[in-house]
$ cat work.txt   # compact mmCIF, C-alpha atoms
# COMPACT_ATOMS: atom_id res chain seq x y z
CA MET A 30 2.38 6.40 -36.14
CA ASN A 31 4.88 7.36 -38.85
CA ARG A 32 2.41 9.86 -40.30
CA LEU A 33 2.05 11.51 -36.90
CA GLN A 34 5.76 12.28 -36.86
CA ARG A 35 5.32 14.53 -39.91
CA PHE A 36 2.92 16.91 -38.16
CA HIS A 37 3.39 19.47 -35.42
CA ILE A 38 1.31 18.49 -32.37
CA ASN A 39 0.43 22.12 -31.57
CA GLY A 40 -1.02 22.54 -35.05
CA LEU A 41 -3.18 19.45 -34.69
CA LYS A 42 -4.33 20.63 -31.27
CA ALA A 43 -5.26 24.03 -32.73
CA LEU A 44 -7.27 22.34 -35.48
CA GLU A 45 -9.12 20.20 -32.95
CA SER A 46 -9.81 23.04 -30.53
CA VAL A 47 -11.12 25.44 -33.18
CA GLY A 48 -13.27 22.71 -34.73
CA ARG A 49 -14.78 21.75 -31.37
CA LEU A 50 -15.22 25.25 -29.94
CA GLY A 51 -16.09 27.06 -33.19
CA SER A 52 -13.85 30.15 -32.96
CA LEU A 53 -10.26 31.32 -32.78
CA GLN A 54 -10.92 33.23 -29.55
CA ALA A 55 -12.45 30.27 -27.74
CA ALA A 56 -9.60 28.02 -28.88
CA ALA A 57 -7.05 30.64 -27.79
CA ASP A 58 -8.64 30.81 -24.32
CA GLU A 59 -8.52 27.05 -23.95
CA LEU A 60 -4.93 26.71 -25.19
CA GLY A 61 -3.65 29.72 -23.27
CA VAL A 62 -2.32 31.59 -26.31
CA THR A 63 -3.45 34.51 -28.48
CA PRO A 64 -5.93 34.19 -31.38
CA GLY A 65 -3.09 35.20 -33.70
CA ALA A 66 -1.00 32.26 -32.47
CA VAL A 67 -3.92 29.88 -33.04
CA SER A 68 -4.33 31.25 -36.57
CA GLN A 69 -0.64 30.65 -37.31
CA HIS A 70 -0.93 27.06 -36.02
CA LEU A 71 -3.91 26.49 -38.33
CA ILE A 72 -2.07 27.81 -41.35
CA ARG A 73 0.95 25.64 -40.59
CA ALA A 74 -1.18 22.53 -40.01
CA GLU A 75 -3.11 23.01 -43.24
CA LYS A 76 0.18 23.47 -45.10
CA GLN A 77 1.51 20.22 -43.66
CA LEU A 78 -1.73 18.45 -44.57
CA GLY A 79 -1.74 19.94 -48.04
CA ARG A 80 -5.48 20.45 -47.69
CA VAL A 81 -7.79 23.19 -46.42
CA VAL A 82 -9.56 22.23 -43.19
CA PHE A 83 -11.49 25.46 -42.61
CA THR A 84 -13.21 27.85 -44.98
CA ARG A 85 -12.76 31.48 -43.92
CA THR A 86 -16.12 33.28 -44.11
CA PRO A 87 -17.42 36.62 -42.74
CA LYS A 88 -19.18 34.56 -40.07
CA GLY A 89 -16.02 32.76 -39.01
CA LEU A 90 -14.28 29.46 -39.74
CA LEU A 91 -16.39 26.65 -41.17
CA PRO A 92 -15.12 23.09 -41.64
CA THR A 93 -14.61 21.92 -45.21
CA ALA A 94 -15.70 18.45 -46.26
CA LEU A 95 -12.26 17.21 -45.15
CA GLY A 96 -12.61 19.08 -41.86
CA ALA A 97 -15.99 17.45 -41.19
CA ARG A 98 -14.31 14.03 -41.38
CA LEU A 99 -10.98 14.95 -39.76
CA LEU A 100 -11.97 17.08 -36.77
CA PRO A 101 -14.14 14.51 -34.88
CA ARG A 102 -11.32 11.99 -35.22
CA LEU A 103 -8.81 14.50 -33.82
CA THR A 104 -11.14 15.12 -30.87
CA ALA A 105 -11.40 11.39 -30.21
CA ALA A 106 -7.63 11.00 -30.50
CA PHE A 107 -6.86 13.80 -28.05
CA ARG A 108 -9.46 12.44 -25.63
CA THR A 109 -7.75 9.04 -25.75
CA LEU A 110 -4.39 10.71 -25.13
CA ASP A 111 -5.87 12.63 -22.19
CA ASP A 112 -7.25 9.39 -20.73
CA ALA A 113 -3.81 7.77 -21.04
CA LEU A 114 -2.18 10.66 -19.20
CA ALA A 115 -4.86 10.45 -16.51
CA VAL A 116 -3.87 6.82 -15.88
CA ALA A 117 -0.26 7.88 -15.37
CA GLU A 118 -1.30 10.74 -13.12
CA GLU A 119 -3.53 8.47 -11.04
CA ASP A 120 -0.69 5.98 -10.66
CA ARG A 121 1.55 8.78 -9.39
CA GLU A 122 -0.94 10.45 -7.08
CA ARG A 123 -3.01 7.59 -5.64
CA ALA A 124 -2.06 6.75 -2.08
CA LEU A 125 -0.86 3.27 -1.25
CA THR A 126 -3.31 1.99 1.38
CA VAL A 127 -1.80 -0.28 4.02
CA SER A 128 -3.85 -2.16 6.62
CA VAL A 129 -1.83 -2.63 9.81
CA ALA A 130 -2.57 -3.43 13.45
CA PRO A 131 -2.78 -0.27 15.58
CA VAL A 132 0.07 -1.31 17.91
CA LEU A 133 2.44 -2.08 15.05
CA ALA A 134 1.42 1.17 13.36
CA SER A 135 1.89 3.47 16.35
CA LYS A 136 4.94 1.89 17.99
CA TRP A 137 6.95 0.94 14.93
CA LEU A 138 5.66 1.83 11.45
CA VAL A 139 4.57 5.47 11.77
CA PRO A 140 7.81 6.69 13.40
CA ARG A 141 9.74 5.21 10.45
CA LEU A 142 7.55 6.52 7.63
CA PRO A 143 9.61 9.72 7.17
CA ARG A 144 12.47 7.49 6.01
CA PHE A 145 10.23 5.89 3.39
CA ARG A 146 9.01 9.32 2.30
CA ALA A 147 12.59 10.53 1.90
CA ALA A 148 13.47 7.50 -0.24
CA HIS A 149 10.22 7.56 -2.26
CA PRO A 150 8.87 11.13 -2.32
CA ASP A 151 6.43 10.28 -5.13
CA ILE A 152 4.57 7.60 -3.12
CA ARG A 153 1.92 8.62 -0.60
CA ILE A 154 0.92 6.23 2.17
CA ARG A 155 -2.50 5.89 3.79
CA ILE A 156 -2.54 3.82 6.98
CA ASP A 157 -5.70 1.88 7.85
CA ALA A 158 -5.05 0.94 11.50
CA THR A 159 -7.16 -2.14 12.20
CA THR A 160 -6.89 -5.80 13.13
CA GLU A 161 -10.03 -6.68 11.17
CA ILE A 162 -9.81 -9.09 8.26
CA VAL A 163 -9.88 -7.24 4.96
CA ASP A 164 -10.77 -8.49 1.48
CA LEU A 165 -7.72 -7.60 -0.57
CA ASP A 166 -9.47 -8.59 -3.81
CA SER A 167 -12.40 -6.18 -3.55
CA SER A 168 -11.45 -3.45 -1.08
CA ASP A 169 -9.25 -0.39 -1.58
CA ILE A 170 -6.59 -1.94 0.69
CA ASP A 171 -3.44 -2.60 -1.32
CA LEU A 172 -1.63 -4.73 1.25
CA ALA A 173 -1.70 -5.64 4.92
CA LEU A 174 0.93 -6.14 7.62
CA ARG A 175 -0.18 -8.87 10.00
CA VAL A 176 1.13 -10.89 12.92
CA GLY A 177 0.35 -14.58 13.18
CA ARG A 178 1.42 -18.04 12.17
CA GLY A 179 0.72 -17.58 8.47
CA GLY A 180 -1.14 -20.19 6.50
CA TRP A 181 -4.02 -17.84 5.73
CA PRO A 182 -5.96 -18.98 2.64
CA ASN A 183 -6.31 -17.16 -0.66
CA VAL A 184 -3.57 -14.59 -0.03
CA ARG A 185 0.05 -14.08 -1.01
CA LEU A 186 2.35 -14.06 2.04
CA ARG A 187 5.84 -12.71 2.60
CA ARG A 188 7.35 -13.49 6.01
CA MET A 189 9.21 -10.47 7.30
CA LEU A 190 10.41 -11.24 10.82
CA PRO A 191 9.87 -13.89 13.51
CA MET A 192 8.21 -12.59 16.66
CA GLU A 193 10.39 -12.95 19.74
CA VAL A 194 9.31 -11.99 23.25
CA PHE A 195 11.36 -10.85 26.25
CA PRO A 196 10.71 -8.98 29.51
CA VAL A 197 11.14 -5.20 29.50
CA CYS A 198 10.72 -2.60 32.21
CA ALA A 199 11.86 0.83 33.32
CA PRO A 200 15.58 1.09 34.22
CA ALA A 201 14.94 1.69 37.93
CA LEU A 202 12.77 -1.42 38.23
CA ALA A 203 15.35 -3.46 36.31
CA GLN A 204 17.87 -2.86 39.08
CA THR A 205 15.72 -4.93 41.44
CA LEU A 206 15.65 -7.96 39.14
CA LEU A 207 18.71 -10.12 39.82
CA SER A 208 17.26 -13.30 38.31
CA PRO A 209 14.01 -14.51 36.70
CA GLU A 210 12.94 -15.75 40.14
CA ASP A 211 12.52 -12.10 41.15
CA LEU A 212 9.58 -11.89 38.75
CA ARG A 213 7.56 -13.79 41.35
CA ARG A 214 7.53 -10.66 43.51
CA ALA A 215 7.92 -7.87 40.92
CA PRO A 216 4.92 -5.85 39.71
CA ILE A 217 3.78 -7.13 36.32
CA VAL A 218 1.99 -5.49 33.41
CA LEU A 219 -0.18 -7.97 31.52
CA ASP A 220 -1.80 -7.70 28.09
CA SER A 221 -5.29 -9.17 28.55
CA GLY A 222 -5.37 -10.12 24.86
CA SER A 223 -2.27 -12.32 25.16
CA ARG A 224 -2.94 -14.40 28.24
CA GLY A 225 -0.45 -17.22 28.76
CA ILE A 226 2.21 -15.72 26.50
CA TRP A 227 4.58 -15.40 29.48
CA ASP A 228 4.64 -19.22 29.69
CA HIS A 229 6.90 -19.36 26.60
CA TRP A 230 9.57 -17.26 28.27
CA LEU A 231 9.23 -18.65 31.81
CA ALA A 232 9.23 -22.38 30.99
CA PRO A 233 13.04 -22.93 31.22
CA TYR A 234 12.93 -21.48 34.75
CA GLY A 235 10.20 -23.83 35.92
CA MET A 236 7.65 -21.03 36.11
CA LYS A 237 4.33 -20.09 34.54
CA GLU A 238 2.43 -16.84 34.10
CA ALA A 239 0.41 -17.69 37.19
CA ASP A 240 3.61 -17.57 39.27
CA LEU A 241 4.30 -13.92 38.46
CA GLY A 242 3.92 -11.11 40.93
CA PRO A 243 0.84 -8.87 41.26
CA ALA A 244 -0.31 -7.69 37.84
CA ASP A 245 -2.17 -4.80 36.30
CA HIS A 246 -4.12 -5.77 33.20
CA PHE A 247 -4.53 -3.72 30.02
CA THR A 248 -6.47 -4.53 26.87
CA ASP A 249 -3.95 -2.90 24.53
CA ALA A 250 -0.24 -3.61 24.13
CA SER A 251 0.52 0.08 23.60
CA LEU A 252 -0.98 0.82 27.02
CA CYS A 253 1.13 -1.97 28.49
CA ALA A 254 4.24 -0.38 27.03
CA ASP A 255 3.27 3.04 28.39
CA ALA A 256 2.69 1.52 31.83
CA ALA A 257 6.07 -0.24 31.73
CA ILE A 258 7.79 2.99 30.71
CA GLY A 259 6.08 4.66 33.64
CA GLY A 260 7.63 2.14 36.03
CA GLN A 261 4.38 0.33 36.82
CA GLY A 262 5.75 -3.14 36.15
CA VAL A 263 7.51 -5.65 33.93
CA MET A 264 5.85 -6.52 30.63
CA LEU A 265 6.63 -9.11 28.00
CA GLY A 266 7.64 -7.07 24.98
CA TRP A 267 8.80 -7.77 21.44
CA HIS A 268 11.01 -6.15 18.84
CA THR A 269 8.63 -3.76 17.15
CA LEU A 270 6.97 -2.76 20.39
CA ALA A 271 10.03 -2.06 22.51
CA VAL A 272 13.05 -1.32 20.35
CA ASP A 273 12.53 2.45 20.10
CA ALA A 274 11.88 2.78 23.84
CA ILE A 275 15.00 0.70 24.55
CA ARG A 276 17.05 2.93 22.27
CA ALA A 277 15.74 6.00 24.05
CA GLY A 278 16.61 4.54 27.46
CA LEU A 279 12.98 4.42 28.55
CA LEU A 280 12.97 0.64 28.78
CA VAL A 281 15.63 -2.01 29.28
CA ALA A 282 15.63 -5.77 28.84
CA PRO A 283 16.66 -7.03 32.29
CA PHE A 284 17.40 -10.50 30.92
CA ALA A 285 19.07 -11.18 27.59
CA ARG A 286 16.97 -14.18 26.61
CA ALA A 287 14.36 -13.75 23.84
CA VAL A 288 12.00 -16.53 22.77
CA ASP A 289 10.53 -17.19 19.33
CA ILE A 290 6.88 -17.97 20.02
CA GLY A 291 6.17 -19.36 16.56
CA THR A 292 4.39 -16.36 15.14
CA GLY A 293 5.81 -13.73 12.81
CA TYR A 294 5.25 -10.57 10.87
CA PHE A 295 3.83 -11.06 7.38
CA ALA A 296 3.15 -8.84 4.41
CA VAL A 297 -0.18 -9.96 2.94
CA THR A 298 -1.26 -9.19 -0.62
CA SER A 299 -3.89 -10.46 -3.03
CA PRO A 300 -2.81 -13.35 -5.29
CA THR A 301 -5.14 -12.09 -8.04
CA ARG A 302 -3.92 -8.48 -8.18
CA PRO A 303 -0.44 -7.71 -9.52
CA GLU A 304 1.94 -5.89 -7.20
CA THR A 305 2.33 -2.30 -8.31
CA ARG A 306 5.55 -0.35 -8.33
CA GLN A 307 4.44 1.38 -5.12
CA MET A 308 3.66 -1.93 -3.40
CA LYS A 309 7.02 -3.43 -4.34
CA ALA A 310 8.87 -0.35 -3.09
CA PHE A 311 6.97 -0.34 0.22
CA LEU A 312 7.37 -4.08 0.81
CA ALA A 313 11.11 -3.94 0.14
CA TRP A 314 11.41 -1.01 2.52
CA VAL A 315 9.43 -2.73 5.31
CA GLU A 316 11.59 -5.83 4.93
CA GLU A 317 14.75 -3.74 5.27
CA GLU A 318 13.39 -1.84 8.27
CA MET A 319 12.37 -5.02 10.09
CA ALA A 320 15.80 -6.53 9.48
CA ALA A 321 17.35 -3.33 10.87
CA THR A 322 15.06 -3.56 13.92
CA ALA A 323 16.23 -7.10 14.62
CA ARG A 324 19.87 -6.05 14.30
CA GLU A 325 19.33 -3.03 16.53
CA PHE A 326 17.78 -5.09 19.28
CA GLY A 327 20.81 -7.31 19.19
CA ARG A 328 22.84 -4.27 20.18
CA ALA A 329 20.25 -2.88 22.63
CA PRO A 330 21.42 -2.54 26.25
CA ALA A 331 20.40 -5.18 28.72
CA ALA A 332 20.46 -4.30 32.39
CA LYS A 333 21.57 -7.79 33.43
CA ARG A 334 22.16 -11.16 31.87
CA ALA A 335 20.38 -14.38 32.69
$ encode --input "work.txt" --output "structure tokens"
Amino acid sequence: MNRLQRFHINGLKALESVGRLGSLQAAADELGVTPGAVSQHLIRAEKQLGRVVFTRTPKGLLPTALGARLLPRLTAAFRTLDDALAVAEEDRERALTVSVAPVLASKWLVPRLPRFRAAHPDIRIRIDATTEIVDLDSSDIDLALRVGRGGWPNVRLRRMLPMEVFPVCAPALAQTLLSPEDLRRAPIVLDSGSRGIWDHWLAPYGMKEADLGPADHFTDASLCADAAIGGQGVMLGWHTLAVDAIRAGLLVAPFARAVDIGTGYFAVTSPTRPETRQMKAFLAWVEEEMAATAREFGRAPAAKRA
């Protein structure tokens, strides 16, 4: 490496380009300079080497015996350097692919991504909205955000936020709910994929999900939220689903009580693949945003207290 410091890189590049392409003009076109500039780089490089690399003939430049040994090695060296730069460029340009459940993506993550982009303009995010299990060791998924009880095998887990549930509804409907007992007669919005989840919240009041008023059923929590916003009934919401609608005044929590149901939000990564700079930045940001969501809900308006 000390020898390299004694030579001008542009001169070495001119030597390599002329040797590979066979003419000053072709080298000039590749390097984006004039043939005269290439010629000057050659002269300077040969002077630094103290040896002649090309013989000038009426038919053009021909490699000397030294040139025949030197030029292929310069080509290999510049190709290695180009490969190294390609690695850096790929690291900068490759999108970070995040697998996340569609509800969490649409109701919480996507609206916040502009803040991540502002803080990390060099990192691009690709969202794979799915609840399917992904193989983090062999797929192009870099990390996943999942909801559950944890304990999944062969993965690295980072718990982000406990999942707490609480009733939410449109403000006008909330005015009719003086106590949890009123839920026996109120219209209800139920998520068909989470049957029985109301039992966690209702238990202290001696009630079960079966005791609730007439219910409309939806197979997607986002649809439940839209129905609740539209005044169709009371749904059991959670932080990441409801906080933005609460802030906007579209939903209120008619009762202050929230219940931890034992599940939580987890960042899931492969234990066999090192966390990249992009992954670490994204995970730290998600953790901060989820903490902010929990704090914001603590200040969210509640129509009444129970």
$ closest_residue --input "work.txt" --among "A:Ile156, A:Leu125, A:Leu44, A:Leu99" --to "A:Val139" --atoms "only C-alpha atoms"
A:Ile156
$ closest_residue --input "work.txt" --among "A:Ala173, A:Val163, A:Leu95, A:Ala285" --to "A:Met308" --atoms "all atoms listed in the file"
A:Ala173
$ atom_distance --input "work.txt" --atom1 "atom CA of A:Ala320" --atom2 "atom CA of A:Leu190"
7.3 Å
$ closest_residue --input "work.txt" --among "A:Glu59, A:Asp164, A:Asp249, A:Asp171" --to "A:Asp220" --atoms "all atoms listed in the file"
A:Asp249
$ residues_around --input "work.txt" --residues "stretch 259-274 of chain A" --least-positions-apart "2" --cutoff "8 Å" --atoms "all atoms listed in the file" --output "number ranges by chain"
A: 132-133, 136-137, 192-199, 201-202, 215-219, 227, 244, 251, 253-257, 276-280, 322-323, 325-326, 329
